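A.B. asks: Structure file protein_25.cif (mmCIF, C-alpha atoms and all ligand atoms) right here:
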data_target
#
loop_
_atom_site.label_atom_id
_atom_site.label_comp_id
_atom_site.auth_asym_id
_atom_site.auth_seq_id
_atom_site.Cartn_x
_atom_site.Cartn_y
_atom_site.Cartn_z
CA MET C 1 -60.34 35.60 -46.24
CA ALA C 2 -57.38 37.81 -45.45
CA ASP C 3 -55.08 36.02 -47.88
CA ASP C 4 -57.35 36.99 -50.76
CA VAL C 5 -56.62 40.66 -50.13
CA LEU C 6 -53.97 41.34 -52.79
CA LEU C 7 -53.53 45.04 -52.12
CA SER C 8 -54.13 46.85 -48.87
CA ALA C 9 -53.70 50.60 -48.42
CA ALA C 10 -54.10 52.13 -44.98
CA HIS C 11 -54.62 55.79 -44.06
CA LEU C 12 -53.14 57.21 -47.26
CA THR C 13 -52.72 60.96 -47.35
CA LYS C 14 -51.22 63.04 -50.17
CA ARG C 15 -50.69 66.76 -49.73
CA PHE C 16 -49.83 69.19 -52.50
CA GLY C 17 -48.81 72.24 -50.49
CA GLY C 18 -51.87 73.12 -48.42
CA LEU C 19 -54.22 70.84 -50.38
CA ALA C 20 -54.94 67.31 -49.11
CA ALA C 21 -55.74 65.72 -52.49
CA VAL C 22 -56.09 62.34 -50.72
CA ASN C 23 -56.96 62.52 -47.05
CA ASP C 24 -56.74 59.43 -44.82
CA VAL C 25 -58.04 56.95 -47.41
CA SER C 26 -57.93 53.19 -46.75
CA VAL C 27 -58.79 50.61 -49.38
CA ASP C 28 -58.48 46.81 -49.75
CA LEU C 29 -58.50 45.08 -53.15
CA TRP C 30 -59.56 41.42 -53.26
CA ARG C 31 -58.94 38.86 -55.96
CA GLY C 32 -62.21 38.26 -57.80
CA ARG C 33 -63.67 41.64 -56.89
CA ILE C 34 -63.96 45.01 -58.58
CA HIS C 35 -63.66 47.96 -56.22
CA ALA C 36 -64.96 51.10 -57.91
CA VAL C 37 -63.93 54.57 -56.81
CA ILE C 38 -66.31 57.33 -57.81
CA GLY C 39 -66.56 61.04 -57.09
CA PRO C 40 -66.65 64.42 -58.82
CA ASN C 41 -63.68 65.89 -60.69
CA GLY C 42 -60.92 66.87 -58.31
CA ALA C 43 -62.05 64.35 -55.66
CA GLY C 44 -58.59 62.74 -55.61
CA LYS C 45 -59.32 59.54 -57.56
CA SER C 46 -56.37 59.78 -59.94
CA THR C 47 -54.07 60.85 -57.12
CA LEU C 48 -55.13 57.77 -55.15
CA THR C 49 -54.34 55.60 -58.19
CA ASN C 50 -50.93 57.29 -58.49
CA LEU C 51 -50.18 56.56 -54.83
CA LEU C 52 -51.06 52.86 -55.21
CA SER C 53 -48.90 52.50 -58.34
CA GLY C 54 -45.93 54.34 -56.84
CA ASP C 55 -46.12 57.17 -59.39
CA LEU C 56 -46.49 59.50 -56.39
CA PRO C 57 -45.11 58.93 -52.90
CA PRO C 58 -47.72 59.30 -50.15
CA THR C 59 -47.26 61.99 -47.51
CA SER C 60 -48.31 59.36 -44.97
CA GLY C 61 -49.92 55.94 -44.85
CA THR C 62 -48.87 52.45 -45.95
CA ILE C 63 -49.44 50.17 -48.93
CA HIS C 64 -49.04 46.39 -48.94
CA LEU C 65 -49.04 44.29 -52.12
CA GLY C 66 -49.33 40.54 -51.66
CA GLY C 67 -48.41 40.90 -48.01
CA THR C 68 -45.23 42.90 -48.69
CA GLU C 69 -44.97 46.58 -47.86
CA ILE C 70 -44.35 48.58 -51.05
CA THR C 71 -44.77 52.12 -49.68
CA GLY C 72 -42.20 54.40 -51.31
CA ARG C 73 -41.00 51.89 -53.91
CA SER C 74 -40.56 52.91 -57.54
CA PRO C 75 -43.38 52.32 -60.05
CA GLU C 76 -41.12 49.80 -61.85
CA ALA C 77 -40.55 47.78 -58.68
CA ILE C 78 -44.25 47.86 -57.86
CA ALA C 79 -45.12 46.75 -61.41
CA ARG C 80 -42.71 43.84 -61.09
CA ALA C 81 -44.35 42.92 -57.78
CA GLY C 82 -47.61 42.38 -59.68
CA LEU C 83 -49.39 45.71 -60.08
CA GLY C 84 -50.60 46.76 -63.52
CA ARG C 85 -52.18 50.10 -64.32
CA SER C 86 -53.68 52.00 -67.20
CA TYR C 87 -53.51 55.77 -67.39
CA GLN C 88 -56.19 58.35 -68.13
CA LYS C 89 -53.99 59.44 -71.03
CA THR C 90 -53.01 56.85 -73.59
CA ASN C 91 -49.66 55.12 -73.59
CA ILE C 92 -49.83 53.47 -77.02
CA PHE C 93 -47.20 53.70 -79.79
CA LEU C 94 -49.46 54.64 -82.69
CA PRO C 95 -47.06 53.78 -85.59
CA PHE C 96 -46.61 50.21 -84.26
CA THR C 97 -48.99 47.30 -84.75
CA VAL C 98 -51.34 46.09 -82.03
CA TRP C 99 -49.13 43.02 -81.61
CA GLU C 100 -45.91 45.06 -81.35
CA ASN C 101 -47.43 47.23 -78.62
CA VAL C 102 -48.51 44.24 -76.55
CA ARG C 103 -45.22 42.43 -77.20
CA LEU C 104 -43.21 45.47 -76.00
CA ALA C 105 -45.32 45.71 -72.85
CA ALA C 106 -44.74 42.02 -72.11
CA GLN C 107 -41.02 42.45 -72.68
CA SER C 108 -40.79 45.40 -70.29
CA ARG C 109 -41.94 43.12 -67.49
CA ALA C 110 -39.54 40.37 -68.57
CA GLN C 111 -36.56 42.69 -68.18
CA HIS C 112 -36.27 42.03 -64.50
CA PRO C 113 -32.60 41.20 -63.73
CA ALA C 114 -33.46 37.74 -62.40
CA ARG C 115 -35.21 36.89 -65.64
CA TRP C 116 -32.02 37.18 -67.69
CA LEU C 117 -31.04 33.91 -66.08
CA ARG C 118 -33.88 32.27 -67.95
CA LYS C 119 -33.02 33.91 -71.25
CA ALA C 120 -33.41 30.75 -73.32
CA THR C 121 -37.08 30.38 -72.46
CA SER C 122 -37.87 34.07 -72.15
CA PHE C 123 -38.53 34.75 -75.84
CA ALA C 124 -41.23 32.09 -76.07
CA ALA C 125 -42.61 32.99 -72.66
CA VAL C 126 -42.91 36.67 -73.55
CA ASN C 127 -44.65 35.87 -76.84
CA GLU C 128 -47.03 33.53 -75.06
CA GLN C 129 -47.88 36.11 -72.41
CA ALA C 130 -48.44 38.76 -75.09
CA GLN C 131 -50.70 36.44 -77.09
CA ARG C 132 -52.73 35.58 -74.00
CA ALA C 133 -53.16 39.27 -73.18
CA LEU C 134 -54.23 40.02 -76.75
CA GLU C 135 -56.87 37.28 -76.69
CA LEU C 136 -58.13 38.17 -73.22
CA ALA C 137 -58.59 41.79 -74.31
CA GLY C 138 -60.56 40.67 -77.37
CA LEU C 139 -58.05 41.97 -79.91
CA ALA C 140 -56.72 38.77 -81.47
CA SER C 141 -58.29 39.62 -84.85
CA ARG C 142 -56.62 43.07 -84.85
CA ARG C 143 -53.13 41.69 -84.21
CA ASP C 144 -51.34 43.05 -87.28
CA VAL C 145 -53.18 46.35 -87.67
CA LEU C 146 -51.40 49.64 -86.89
CA ALA C 147 -52.46 50.93 -83.47
CA GLY C 148 -53.02 54.39 -84.94
CA THR C 149 -55.75 53.09 -87.24
CA ILE C 150 -57.98 51.17 -84.78
CA SER C 151 -61.02 52.80 -83.15
CA HIS C 152 -60.88 54.74 -79.88
CA GLY C 153 -62.61 51.86 -78.09
CA GLU C 154 -60.11 49.36 -79.47
CA GLN C 155 -57.23 51.60 -78.36
CA ARG C 156 -58.58 51.45 -74.81
CA GLN C 157 -58.80 47.64 -75.16
CA LEU C 158 -55.19 47.72 -76.35
CA GLU C 159 -54.16 49.61 -73.23
CA ILE C 160 -55.78 46.90 -71.13
CA ALA C 161 -54.00 44.25 -73.22
CA MET C 162 -50.66 46.05 -72.63
CA THR C 163 -51.37 46.10 -68.90
CA LEU C 164 -52.31 42.39 -68.93
CA ALA C 165 -49.11 41.58 -70.83
CA THR C 166 -47.14 42.35 -67.67
CA ALA C 167 -49.04 39.51 -65.91
CA PRO C 168 -50.32 41.61 -63.00
CA SER C 169 -52.41 40.27 -60.12
CA VAL C 170 -53.77 43.74 -59.29
CA LEU C 171 -55.20 46.09 -61.95
CA LEU C 172 -55.69 49.83 -61.49
CA LEU C 173 -57.90 51.25 -64.23
CA ASP C 174 -58.40 55.01 -64.42
CA GLU C 175 -61.51 55.81 -66.47
CA PRO C 176 -61.25 52.97 -69.03
CA LEU C 177 -64.63 53.98 -70.52
CA ALA C 178 -63.75 57.66 -71.05
CA GLY C 179 -64.92 58.97 -74.42
CA MET C 180 -66.60 55.72 -75.48
CA GLY C 181 -69.88 55.28 -77.30
CA THR C 182 -72.55 52.91 -75.99
CA ALA C 183 -71.42 49.84 -77.95
CA GLU C 184 -67.75 50.37 -77.09
CA ALA C 185 -68.59 50.90 -73.42
CA GLU C 186 -70.64 47.71 -73.39
CA ARG C 187 -67.70 45.77 -74.85
CA MET C 188 -65.34 47.20 -72.23
CA VAL C 189 -67.77 46.28 -69.41
CA GLN C 190 -67.76 42.68 -70.70
CA LEU C 191 -63.96 42.71 -70.86
CA LEU C 192 -63.63 43.97 -67.28
CA HIS C 193 -66.12 41.33 -66.17
CA ARG C 194 -63.93 38.65 -67.78
CA LEU C 195 -60.84 39.97 -65.96
CA LYS C 196 -62.47 39.90 -62.55
CA ASP C 197 -61.93 36.24 -61.63
CA ALA C 198 -58.15 36.27 -61.90
CA HIS C 199 -57.44 39.81 -60.66
CA ALA C 200 -58.08 42.31 -57.92
CA ILE C 201 -59.34 45.44 -59.70
CA LEU C 202 -59.58 49.11 -58.73
CA LEU C 203 -61.86 50.88 -61.19
CA VAL C 204 -62.07 54.67 -61.32
CA GLU C 205 -65.02 55.47 -63.58
CA HIS C 206 -67.60 58.18 -64.23
CA ASP C 207 -70.02 55.93 -66.17
CA MET C 208 -72.46 54.99 -63.41
CA ASP C 209 -74.20 52.31 -65.47
CA ALA C 210 -70.84 50.56 -65.85
CA VAL C 211 -69.95 51.10 -62.19
CA PHE C 212 -73.19 49.60 -60.92
CA ALA C 213 -72.96 46.74 -63.44
CA LEU C 214 -69.44 45.80 -62.35
CA ALA C 215 -68.60 46.89 -58.82
CA ASP C 216 -68.63 44.56 -55.83
CA GLN C 217 -67.46 47.36 -53.59
CA LEU C 218 -67.87 51.13 -54.00
CA THR C 219 -65.91 53.96 -52.44
CA VAL C 220 -67.16 57.52 -52.86
CA MET C 221 -64.61 60.32 -52.59
CA VAL C 222 -65.25 64.06 -52.31
CA ASN C 223 -62.48 66.61 -51.73
CA GLY C 224 -59.89 63.94 -50.98
CA GLN C 225 -62.01 62.17 -48.39
CA VAL C 226 -64.05 58.97 -48.40
CA ILE C 227 -67.64 59.93 -47.66
CA ALA C 228 -68.99 56.37 -48.04
CA SER C 229 -67.69 52.88 -48.76
CA GLY C 230 -69.54 49.58 -49.03
CA PRO C 231 -71.59 47.33 -51.31
CA PRO C 232 -73.25 49.16 -54.26
CA GLN C 233 -76.76 48.61 -52.88
CA MET C 234 -75.78 50.38 -49.68
CA ILE C 235 -74.16 53.29 -51.52
CA ARG C 236 -77.18 53.66 -53.80
CA THR C 237 -79.43 54.42 -50.85
CA ASP C 238 -76.95 56.48 -48.81
CA ALA C 239 -78.51 59.92 -48.32
CA GLY C 240 -75.15 61.65 -47.94
CA VAL C 241 -73.89 60.18 -51.23
CA GLN C 242 -77.04 61.17 -53.07
CA ALA C 243 -76.76 64.70 -51.81
CA ALA C 244 -73.07 64.96 -52.66
CA TYR C 245 -72.83 63.10 -55.92
CA LEU C 246 -75.27 60.54 -57.30
CA GLY C 247 -78.18 61.70 -59.42
CA GLU C 248 -81.77 60.58 -58.88
CA GLU C 249 -81.60 58.13 -61.79
CA HIS C 250 -79.50 55.63 -59.86
CA VAL C 251 -81.57 55.67 -56.67
P1 LIG C 301 -59.81 63.27 -59.78
O1 LIG C 301 -59.03 62.22 -60.49
O2 LIG C 301 -60.78 62.73 -58.77
O3 LIG C 301 -60.52 64.19 -60.73
P2 LIG C 301 -57.23 64.30 -58.97
O4 LIG C 301 -56.65 63.23 -58.14
O5 LIG C 301 -56.75 64.43 -60.36
O6 LIG C 301 -58.83 64.20 -58.94
O7 LIG C 301 -57.00 65.71 -58.25
C1 LIG C 301 -57.30 65.93 -56.87
C2 LIG C 301 -56.86 67.32 -56.48
O8 LIG C 301 -55.43 67.35 -56.42
C3 LIG C 301 -57.27 68.41 -57.45
O9 LIG C 301 -57.57 69.57 -56.71
C4 LIG C 301 -56.03 68.59 -58.29
O10 LIG C 301 -55.95 69.90 -58.80
C5 LIG C 301 -54.91 68.34 -57.28
N1 LIG C 301 -53.69 67.80 -57.88
C6 LIG C 301 -53.58 66.62 -58.56
N2 LIG C 301 -52.31 66.41 -58.93
C7 LIG C 301 -51.58 67.46 -58.49
C8 LIG C 301 -50.20 67.82 -58.56
N3 LIG C 301 -49.29 67.02 -59.17
N4 LIG C 301 -49.82 68.99 -57.97
C9 LIG C 301 -50.72 69.78 -57.35
N5 LIG C 301 -52.03 69.48 -57.24
C10 LIG C 301 -52.47 68.35 -57.80
MG MG C 302 -58.88 61.68 -62.57
#
Go ahead and render the structure in this file as structure tokens.
C.D. replies:
Amino acid sequence: MADDVLLSAAHLTKRFGGLAAVNDVSVDLWRGRIHAVIGPNGAGKSTLTNLLSGDLPPTSGTIHLGGTEITGRSPEAIARAGLGRSYQKTNIFLPFTVWENVRLAAQSRAQHPARWLRKATSFAAVNEQAQRALELAGLASRRDVLAGTISHGEQRQLEIAMTLATAPSVLLLDEPLAGMGTAEAERMVQLLHRLKDAHAILLVEHDMDAVFALADQLTVMVNGQVIASGPPQMIRTDAGVQAAYLGEEHV
């Protein structure tokens, strides 16, 4: 149903000089669904993520979040409106504990001007939100450990926890499995599966096993353009996609 579409982007284009890094791309994100975006390096996946989060203004096109147009708003305003994102490069304060990182992320969201009015309850509310995020991300047992000393996989979990601490309804995840071993990747797939029910998720990922295990919807980008979009089973057998991107092993 239309009211389950939490984020809707229509005809997004982003030009860098003569290069159309994102060229007329439309995408809808639904609560309870993971929409994976795949494509070779330079396809425009990260640029698309940056357009949706407000980190880059689109050259043209529109973005609606929860029915409100957010095109051209600042990343902070878009985050407050319910969009959470992780970056390809880590955002963690390594000398701080896991808990302190999540707590700071939760606090950043709480610093909306209107929330100062509820100052008395905000301390408890922020702690509660941070604790929930920590547990959801599977890091409760690592609470008091320095972020610089946990494994690479756990640091990626921490980034997800920090994103969850802002209580987003839409999650944009840019390569959350990058650099992970098999066991770490498996744990992250389980985590993303847990997050699906309560969120609309855009997942940019190169790990095709993870993509096909998780995605409800798949968009394939090449050179800024969508060459195919639909259910994974349809994409798997799309001759154009196979020729352009997917290897034989996923056919
Ligand atoms: P992907 O994430 O799919 O690997 P990107 O979105 O990072 O692709 O990049 C898409 C294209 O846009 C690439 O050709 C890249 O060099 C170019 N690009 C990305 N960001 C910028 C920028 N800030 N300025 C100029 N060109 C950029
Ligand atoms: Mg990228």
A.B. asks: Around ligand MG 302 (chain C), out to 10 Å and counting all atoms listed in the file, which residues are there? I want them as a list in words.
C.D. replies: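 The residues near ligand MG 302 (chain C) are Ile38, Gly39, Pro40, Asn41, Gly42, Ala43, Gly44, Lys45, Ser46, Thr47, Leu48, Thr49, Asn50, Tyr87, Gln88, Asp174, Glu175, Val204, Glu205 and His206 of chain C.
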A.B. asks: Emit the selected residues as a PDB file, in the frame of the given file, including C-alpha atoms.
C.D. replies:
ATOM      1  CA  ILE C  38     -66.310  57.330 -57.810  1.00  0.00           C
ATOM      2  CA  GLY C  39     -66.560  61.040 -57.090  1.00  0.00           C
ATOM      3  CA  PRO C  40     -66.650  64.420 -58.820  1.00  0.00           C
ATOM      4  CA  ASN C  41     -63.680  65.890 -60.690  1.00  0.00           C
ATOM      5  CA  GLY C  42     -60.920  66.870 -58.310  1.00  0.00           C
ATOM      6  CA  ALA C  43     -62.050  64.350 -55.660  1.00  0.00           C
ATOM      7  CA  GLY C  44     -58.590  62.740 -55.610  1.00  0.00           C
ATOM      8  CA  LYS C  45     -59.320  59.540 -57.560  1.00  0.00           C
ATOM      9  CA  SER C  46     -56.370  59.780 -59.940  1.00  0.00           C
ATOM     10  CA  THR C  47     -54.070  60.850 -57.120  1.00  0.00           C
ATOM     11  CA  LEU C  48     -55.130  57.770 -55.150  1.00  0.00           C
ATOM     12  CA  THR C  49     -54.340  55.600 -58.190  1.00  0.00           C
ATOM     13  CA  ASN C  50     -50.930  57.290 -58.490  1.00  0.00           C
ATOM     14  CA  TYR C  87     -53.510  55.770 -67.390  1.00  0.00           C
ATOM     15  CA  GLN C  88     -56.190  58.350 -68.130  1.00  0.00           C
ATOM     16  CA  ASP C 174     -58.400  55.010 -64.420  1.00  0.00           C
ATOM     17  CA  GLU C 175     -61.510  55.810 -66.470  1.00  0.00           C
ATOM     18  CA  VAL C 204     -62.070  54.670 -61.320  1.00  0.00           C
ATOM     19  CA  GLU C 205     -65.020  55.470 -63.580  1.00  0.00           C
ATOM     20  CA  HIS C 206     -67.600  58.180 -64.230  1.00  0.00           C
TER      21      HIS C 206
END
A.B. asks: What does the distance between CA of Leu164 in chain C and CA of Ala133 in chain C come to in Å, to one decimal place?
C.D. replies: 5.3 Å
A.B. asks: Each side padded by 8 Å, which centre and which edge lengths in Å (one decimal) define the axis-aligned box around the listed atoms of ligand LIG 301 (chain C)? Give them as lines of an AutoDock Vina configuration file.
C.D. replies:
center_x = -55.0
center_y = 66.1
center_z = -58.6
size_x = 27.5
size_y = 23.7
size_z = 20.3
A.B. asks: For Leu51 in chain C, work out the shell of residues within 12 Å, counting all atoms listed in the file and skipping chain neighbours fewer than 6 positions away, then give it as a PyMOL selection string.
C.D. replies: chain C and resi 9-15+21-23+25-27+44-45+57-64+70-75+78+85+172
A.B. asks: Give me, please, the distance in Å between CA of Asp144 in chain C and CA of Pro176 in chain C, quoted to one decimal.
C.D. replies: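 Computed distance, CA of Asp144 in chain C to CA of Pro176 in chain C, equals 23.0 Å.
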A.B. asks: By how many Å are CA of Ala167 in chain C and CA of Leu134 in chain C apart?
C.D. replies: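 Distance reported for this atom pair: 12.0 Å.
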A.B. asks: Hey, could you patch up range 176-187 of chain C with all heavy atoms and hand it over as a PDB file, in the frame of the given file?
C.D. replies:
ATOM      1  N   PRO C 176     -61.415  53.733 -67.781  1.00  0.00           N
ATOM      2  CA  PRO C 176     -61.250  52.970 -69.030  1.00  0.00           C
ATOM      3  C   PRO C 176     -62.371  53.210 -70.040  1.00  0.00           C
ATOM      4  O   PRO C 176     -62.190  52.920 -71.218  1.00  0.00           O
ATOM      5  CB  PRO C 176     -61.241  51.512 -68.555  1.00  0.00           C
ATOM      6  CG  PRO C 176     -61.952  51.517 -67.247  1.00  0.00           C
ATOM      7  CD  PRO C 176     -61.627  52.849 -66.624  1.00  0.00           C
ATOM      8  N   LEU C 177     -63.521  53.751 -69.593  1.00  0.00           N
ATOM      9  CA  LEU C 177     -64.630  53.980 -70.520  1.00  0.00           C
ATOM     10  C   LEU C 177     -64.692  55.416 -71.049  1.00  0.00           C
ATOM     11  O   LEU C 177     -65.601  55.757 -71.805  1.00  0.00           O
ATOM     12  CB  LEU C 177     -65.973  53.637 -69.853  1.00  0.00           C
ATOM     13  CG  LEU C 177     -66.375  52.158 -69.874  1.00  0.00           C
ATOM     14  CD1 LEU C 177     -65.564  51.364 -68.884  1.00  0.00           C
ATOM     15  CD2 LEU C 177     -67.844  51.987 -69.608  1.00  0.00           C
ATOM     16  N   ALA C 178     -63.708  56.234 -70.659  1.00  0.00           N
ATOM     17  CA  ALA C 178     -63.750  57.660 -71.050  1.00  0.00           C
ATOM     18  C   ALA C 178     -63.852  57.823 -72.557  1.00  0.00           C
ATOM     19  O   ALA C 178     -63.099  57.197 -73.314  1.00  0.00           O
ATOM     20  CB  ALA C 178     -62.504  58.366 -70.519  1.00  0.00           C
ATOM     21  N   GLY C 179     -64.774  58.631 -73.002  1.00  0.00           N
ATOM     22  CA  GLY C 179     -64.920  58.970 -74.420  1.00  0.00           C
ATOM     23  C   GLY C 179     -65.513  57.887 -75.285  1.00  0.00           C
ATOM     24  O   GLY C 179     -65.471  57.977 -76.513  1.00  0.00           O
ATOM     25  N   MET C 180     -66.065  56.835 -74.690  1.00  0.00           N
ATOM     26  CA  MET C 180     -66.600  55.720 -75.480  1.00  0.00           C
ATOM     27  C   MET C 180     -68.070  55.893 -75.800  1.00  0.00           C
ATOM     28  O   MET C 180     -68.829  56.429 -74.995  1.00  0.00           O
ATOM     29  CB  MET C 180     -66.434  54.413 -74.700  1.00  0.00           C
ATOM     30  CG  MET C 180     -65.020  53.904 -74.685  1.00  0.00           C
ATOM     31  SD  MET C 180     -64.990  52.226 -74.046  1.00  0.00           S
ATOM     32  CE  MET C 180     -63.293  51.820 -74.406  1.00  0.00           C
ATOM     33  N   GLY C 181     -68.466  55.379 -76.959  1.00  0.00           N
ATOM     34  CA  GLY C 181     -69.880  55.280 -77.300  1.00  0.00           C
ATOM     35  C   GLY C 181     -70.494  54.093 -76.577  1.00  0.00           C
ATOM     36  O   GLY C 181     -69.787  53.320 -75.916  1.00  0.00           O
ATOM     37  N   THR C 182     -71.816  53.939 -76.735  1.00  0.00           N
ATOM     38  CA  THR C 182     -72.550  52.910 -75.990  1.00  0.00           C
ATOM     39  C   THR C 182     -72.046  51.501 -76.288  1.00  0.00           C
ATOM     40  O   THR C 182     -71.824  50.716 -75.364  1.00  0.00           O
ATOM     41  CB  THR C 182     -74.053  52.978 -76.321  1.00  0.00           C
ATOM     42  OG1 THR C 182     -74.429  54.353 -76.323  1.00  0.00           O
ATOM     43  CG2 THR C 182     -74.884  52.226 -75.312  1.00  0.00           C
ATOM     44  N   ALA C 183     -71.834  51.192 -77.572  1.00  0.00           N
ATOM     45  CA  ALA C 183     -71.420  49.840 -77.950  1.00  0.00           C
ATOM     46  C   ALA C 183     -70.011  49.546 -77.438  1.00  0.00           C
ATOM     47  O   ALA C 183     -69.738  48.455 -76.929  1.00  0.00           O
ATOM     48  CB  ALA C 183     -71.467  49.673 -79.463  1.00  0.00           C
ATOM     49  N   GLU C 184     -69.120  50.540 -77.571  1.00  0.00           N
ATOM     50  CA  GLU C 184     -67.750  50.370 -77.090  1.00  0.00           C
ATOM     51  C   GLU C 184     -67.732  50.188 -75.578  1.00  0.00           C
ATOM     52  O   GLU C 184     -67.001  49.353 -75.049  1.00  0.00           O
ATOM     53  CB  GLU C 184     -66.907  51.613 -77.448  1.00  0.00           C
ATOM     54  CG  GLU C 184     -66.560  51.721 -78.912  1.00  0.00           C
ATOM     55  CD  GLU C 184     -65.727  52.965 -79.205  1.00  0.00           C
ATOM     56  OE1 GLU C 184     -65.890  53.987 -78.498  1.00  0.00           O
ATOM     57  OE2 GLU C 184     -64.914  52.907 -80.136  1.00  0.00           O
ATOM     58  N   ALA C 185     -68.531  50.984 -74.887  1.00  0.00           N
ATOM     59  CA  ALA C 185     -68.590  50.900 -73.420  1.00  0.00           C
ATOM     60  C   ALA C 185     -69.095  49.521 -72.999  1.00  0.00           C
ATOM     61  O   ALA C 185     -68.568  48.924 -72.061  1.00  0.00           O
ATOM     62  CB  ALA C 185     -69.502  51.999 -72.857  1.00  0.00           C
ATOM     63  N   GLU C 186     -70.081  49.022 -73.707  1.00  0.00           N
ATOM     64  CA  GLU C 186     -70.640  47.710 -73.390  1.00  0.00           C
ATOM     65  C   GLU C 186     -69.573  46.618 -73.549  1.00  0.00           C
ATOM     66  O   GLU C 186     -69.446  45.711 -72.728  1.00  0.00           O
ATOM     67  CB  GLU C 186     -71.846  47.428 -74.304  1.00  0.00           C
ATOM     68  CG  GLU C 186     -72.530  46.103 -74.081  1.00  0.00           C
ATOM     69  CD  GLU C 186     -72.949  45.876 -72.627  1.00  0.00           C
ATOM     70  OE1 GLU C 186     -73.374  46.840 -71.964  1.00  0.00           O
ATOM     71  OE2 GLU C 186     -72.816  44.730 -72.152  1.00  0.00           O
ATOM     72  N   ARG C 187     -68.762  46.741 -74.616  1.00  0.00           N
ATOM     73  CA  ARG C 187     -67.700  45.770 -74.850  1.00  0.00           C
ATOM     74  C   ARG C 187     -66.646  45.827 -73.738  1.00  0.00           C
ATOM     75  O   ARG C 187     -66.145  44.810 -73.282  1.00  0.00           O
ATOM     76  CB  ARG C 187     -67.054  46.023 -76.217  1.00  0.00           C
ATOM     77  CG  ARG C 187     -66.388  44.802 -76.787  1.00  0.00           C
ATOM     78  CD  ARG C 187     -66.174  44.881 -78.278  1.00  0.00           C
ATOM     79  NE  ARG C 187     -65.416  46.061 -78.645  1.00  0.00           N
ATOM     80  CZ  ARG C 187     -65.707  46.838 -79.692  1.00  0.00           C
ATOM     81  NH1 ARG C 187     -66.716  46.556 -80.460  1.00  0.00           N
ATOM     82  NH2 ARG C 187     -64.981  47.885 -79.963  1.00  0.00           N
TER      83      ARG C 187
END
